[in-house]
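Asker: Take a look at coords.cif, mmCIF, C-alpha atoms, pLDDT in the B column; chains and numbers go by the auth columns:
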data_final
#
loop_
_atom_site.group_PDB
_atom_site.id
_atom_site.type_symbol
_atom_site.label_atom_id
_atom_site.label_comp_id
_atom_site.label_asym_id
_atom_site.label_seq_id
_atom_site.Cartn_x
_atom_site.Cartn_y
_atom_site.Cartn_z
_atom_site.B_iso_or_equiv
_atom_site.auth_seq_id
_atom_site.auth_asym_id
ATOM 1 C CA MET A 1 0.000 0.000 0.000 51.00 26 A
ATOM 2 C CA ASP A 2 1.224 3.412 -0.873 52.00 27 A
ATOM 3 C CA SER A 3 0.909 6.897 0.462 53.00 28 A
ATOM 4 C CA VAL A 4 0.726 9.961 -1.741 52.00 29 A
ATOM 5 C CA ASN A 5 2.803 13.083 -1.214 52.00 30 A
ATOM 6 C CA SER A 6 1.294 15.517 -3.694 55.00 31 A
ATOM 7 C CA SER A 7 -2.065 16.153 -5.271 60.00 32 A
ATOM 8 C CA SER A 8 -0.603 15.929 -8.782 62.00 33 A
ATOM 9 C CA SER A 9 0.709 12.409 -8.226 83.00 34 A
ATOM 10 C CA PHE A 10 -2.637 11.447 -6.627 83.00 35 A
ATOM 11 C CA GLN A 11 -4.449 12.730 -9.727 85.00 36 A
ATOM 12 C CA GLU A 12 -2.065 10.771 -11.967 87.00 37 A
ATOM 13 C CA ILE A 13 -2.586 7.577 -9.977 88.00 38 A
ATOM 14 C CA ILE A 14 -6.402 7.710 -9.912 89.00 39 A
ATOM 15 C CA SER A 15 -6.512 8.594 -13.608 90.00 40 A
ATOM 16 C CA SER A 16 -4.704 5.408 -14.657 83.00 41 A
ATOM 17 C CA GLY A 17 -6.605 2.558 -16.278 85.00 42 A
ATOM 18 C CA LYS A 18 -5.862 0.287 -13.322 90.00 43 A
ATOM 19 C CA PRO A 19 -8.472 0.265 -10.513 93.00 44 A
ATOM 20 C CA VAL A 20 -7.309 2.380 -7.570 94.00 45 A
ATOM 21 C CA LEU A 21 -8.817 1.729 -4.142 96.00 46 A
ATOM 22 C CA VAL A 22 -8.347 4.680 -1.792 96.00 47 A
ATOM 23 C CA ASP A 23 -8.795 4.188 1.955 97.00 48 A
ATOM 24 C CA PHE A 24 -9.490 7.497 3.711 97.00 49 A
ATOM 25 C CA PHE A 25 -8.624 6.813 7.353 97.00 50 A
ATOM 26 C CA ALA A 26 -7.556 8.364 10.666 97.00 51 A
ATOM 27 C CA THR A 27 -4.928 6.983 13.042 96.00 52 A
ATOM 28 C CA TRP A 28 -7.298 7.308 16.043 97.00 53 A
ATOM 29 C CA CYS A 29 -10.120 5.378 14.339 97.00 54 A
ATOM 30 C CA GLY A 30 -10.708 1.807 15.586 96.00 55 A
ATOM 31 C CA PRO A 31 -12.569 0.549 12.479 97.00 56 A
ATOM 32 C CA CYS A 32 -9.804 2.092 10.311 97.00 57 A
ATOM 33 C CA LYS A 33 -7.264 -0.114 12.071 96.00 58 A
ATOM 34 C CA MET A 34 -9.380 -3.148 11.123 96.00 59 A
ATOM 35 C CA MET A 35 -9.092 -2.196 7.441 97.00 60 A
ATOM 36 C CA GLY A 36 -5.277 -2.522 7.363 95.00 61 A
ATOM 37 C CA PRO A 37 -5.137 -6.346 7.401 97.00 62 A
ATOM 38 C CA ILE A 38 -8.185 -6.530 5.094 97.00 63 A
ATOM 39 C CA LEU A 39 -6.486 -4.293 2.499 97.00 64 A
ATOM 40 C CA SER A 40 -3.283 -6.327 2.813 96.00 65 A
ATOM 41 C CA GLN A 41 -5.268 -9.483 2.068 97.00 66 A
ATOM 42 C CA VAL A 42 -6.904 -7.833 -0.962 96.00 67 A
ATOM 43 C CA LYS A 43 -3.515 -6.675 -2.281 95.00 68 A
ATOM 44 C CA GLN A 44 -2.036 -10.127 -1.721 96.00 69 A
ATOM 45 C CA GLN A 45 -4.840 -11.761 -3.726 95.00 70 A
ATOM 46 C CA LEU A 46 -5.066 -9.222 -6.551 95.00 71 A
ATOM 47 C CA GLY A 47 -1.415 -8.106 -6.718 93.00 72 A
ATOM 48 C CA ASP A 48 -0.611 -5.690 -9.537 91.00 73 A
ATOM 49 C CA ARG A 49 -4.166 -5.688 -10.907 92.00 74 A
ATOM 50 C CA VAL A 50 -5.104 -3.029 -8.347 93.00 75 A
ATOM 51 C CA HIS A 51 -3.440 -0.029 -6.712 93.00 76 A
ATOM 52 C CA ILE A 52 -4.304 0.603 -3.040 94.00 77 A
ATOM 53 C CA LEU A 53 -3.688 3.972 -1.387 94.00 78 A
ATOM 54 C CA LYS A 54 -4.211 5.041 2.207 94.00 79 A
ATOM 55 C CA ILE A 55 -4.884 8.713 2.905 95.00 80 A
ATOM 56 C CA ASP A 56 -4.839 10.041 6.474 96.00 81 A
ATOM 57 C CA VAL A 57 -7.670 12.596 6.633 96.00 82 A
ATOM 58 C CA ASP A 58 -6.027 14.471 9.525 96.00 83 A
ATOM 59 C CA ARG A 59 -2.802 14.971 7.549 95.00 84 A
ATOM 60 C CA ASN A 60 -4.603 15.580 4.220 93.00 85 A
ATOM 61 C CA PRO A 61 -7.733 17.605 5.034 94.00 86 A
ATOM 62 C CA GLN A 62 -7.831 19.016 1.491 92.00 87 A
ATOM 63 C CA ALA A 63 -8.185 15.529 -0.022 90.00 88 A
ATOM 64 C CA ALA A 64 -10.881 14.657 2.516 93.00 89 A
ATOM 65 C CA ALA A 65 -12.768 17.863 1.680 94.00 90 A
ATOM 66 C CA THR A 66 -12.410 17.339 -2.076 93.00 91 A
ATOM 67 C CA PHE A 67 -14.143 13.954 -1.871 95.00 92 A
ATOM 68 C CA GLY A 68 -16.632 14.916 0.845 95.00 93 A
ATOM 69 C CA ILE A 69 -15.321 12.460 3.412 96.00 94 A
ATOM 70 C CA GLN A 70 -17.696 12.674 6.387 94.00 95 A
ATOM 71 C CA GLY A 71 -16.638 9.555 8.292 95.00 96 A
ATOM 72 C CA VAL A 72 -13.745 7.143 8.373 97.00 97 A
ATOM 73 C CA PRO A 73 -12.947 4.676 7.072 98.00 98 A
ATOM 74 C CA THR A 74 -14.317 5.620 3.666 98.00 99 A
ATOM 75 C CA LEU A 75 -13.243 3.584 0.661 98.00 100 A
ATOM 76 C CA ILE A 76 -13.459 5.009 -2.848 97.00 101 A
ATOM 77 C CA LEU A 77 -12.667 3.018 -5.976 96.00 102 A
ATOM 78 C CA PHE A 78 -11.397 5.045 -8.929 95.00 103 A
ATOM 79 C CA GLN A 79 -10.796 3.928 -12.486 92.00 104 A
ATOM 80 C CA GLY A 80 -9.778 6.285 -15.252 91.00 105 A
ATOM 81 C CA GLY A 81 -10.221 9.205 -12.835 91.00 106 A
ATOM 82 C CA ASN A 82 -13.891 8.351 -12.219 94.00 107 A
ATOM 83 C CA ILE A 83 -15.456 7.115 -8.990 95.00 108 A
ATOM 84 C CA LYS A 84 -16.756 3.591 -9.615 95.00 109 A
ATOM 85 C CA TRP A 85 -17.756 2.695 -6.041 96.00 110 A
ATOM 86 C CA ARG A 86 -17.783 4.277 -2.603 97.00 111 A
ATOM 87 C CA GLN A 87 -18.606 3.036 0.879 96.00 112 A
ATOM 88 C CA SER A 88 -18.011 4.096 4.469 97.00 113 A
ATOM 89 C CA GLY A 89 -17.256 1.637 7.236 97.00 114 A
ATOM 90 C CA VAL A 90 -15.385 -1.644 7.363 97.00 115 A
ATOM 91 C CA VAL A 91 -15.705 -3.721 4.187 97.00 116 A
ATOM 92 C CA GLN A 92 -14.682 -7.372 4.203 97.00 117 A
ATOM 93 C CA ALA A 93 -11.930 -8.628 1.885 96.00 118 A
ATOM 94 C CA ASN A 94 -14.155 -10.957 -0.151 96.00 119 A
ATOM 95 C CA GLN A 95 -16.595 -8.105 -0.876 96.00 120 A
ATOM 96 C CA LEU A 96 -13.742 -5.779 -1.917 96.00 121 A
ATOM 97 C CA ILE A 97 -12.204 -8.456 -4.134 95.00 122 A
ATOM 98 C CA GLY A 98 -15.563 -8.997 -5.846 95.00 123 A
ATOM 99 C CA ILE A 99 -15.988 -5.270 -6.482 94.00 124 A
ATOM 100 C CA LEU A 100 -12.410 -4.930 -7.764 92.00 125 A
ATOM 101 C CA ASN A 101 -12.744 -7.981 -10.014 89.00 126 A
ATOM 102 C CA ASP A 102 -15.823 -6.391 -11.598 86.00 127 A
ATOM 103 C CA CYS A 103 -13.699 -3.335 -12.491 78.00 128 A
ATOM 104 C CA ALA A 104 -10.430 -5.040 -13.436 62.00 129 A
#
Turn the structure described in the file into structure tokens.
Answerer:
Amino acid sequence: MDSVNSSSSFQEIISSGKPVLVDFFATWCGPCKMMGPILSQVKQQLGDRVHILKIDVDRNPQAAATFGIQGVPTLILFQGGNIKWRQSGVVQANQLIGILNDCA
């Protein structure tokens, strides 16, 4: 999983043809901590077919505001710069893999 340092590289990443799953999280958030191992499992199963990013909303308030993040964790799936799916709360690995397979 990667972190993004600038908005231009974020825009480049989400605009690629590969599905990009972005996890908007906060370090103090209990459910967010549950997503870490789930996202690792998803990455392990799908490998290079998907890009997974984690964005700390406290360190990147502009990104959170841009996408209207109201609660954490919020997952947004981008492909070709467009939002394909969005959900707040903990999402299980098998559900995420199914959603990503539909896009890949």
Asker: Need to verify the contact set: region 75-77 of chain A, 12 Å, only C-alpha atoms, exclusion of same-chain residues closer than 5 positions in sequence. Can you return it as number ranges by chain?
Answerer: A: 26-29, 35, 38-49, 60-61, 63-70, 100-104, 121-122, 124-129
Asker: Go ahead and compute the interatomic distance for CA of Ala90 (chain A) and CA of Gln117 (chain A), in Å to one decimal.
Answerer: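 It comes out at 25.4 Å.
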Asker: In Å to one decimal, how far is CA of Gly55 (chain A) from CA of Gly106 (chain A)?
Answerer: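 That distance, rounded to one decimal, is 29.4 Å.
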Asker: Report, in Å to a single decimal, how far apart CA of Asn119 (chain A) and CA of Val97 (chain A) are.
Answerer: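 Answer for the CA of Val97 (chain A) to CA of Asn119 (chain A) separation: 20.0 Å.
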Asker: Starting from the displayed file, determine the output of the PyMOL selection byres ((chain A and resi 80) around 10) and express the residue list as a list in words.
Answerer: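 Answer for the PyMOL selection byres ((chain A and resi 80) around 10): Asp27, Ser28, Val29, Asn30, Val47, Asp48, Phe49, Phe50, Ala51, Leu78, Lys79, Asp81, Val82, Asp83, Arg84, Asn85, Pro86, Ala88, Ala89, Pro98 and Thr99 of chain A.
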Asker: Have a look at A:Cys54, A:Gly123, A:Asp73, A:Ile108 and name the one nearest to Gly96 (chain A); count all atoms listed in the file.
Answerer: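 Selected residue with least distance to Gly96 (chain A): A:Cys54.
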Asker: Counting all atoms listed in the file, which residue out of A:Glu37, A:Pro62, A:Gln112, A:Arg74 sits closest to Gln95 (chain A)?
Answerer: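 Closest to Gln95 (chain A) of all the choices is A:Gln112.
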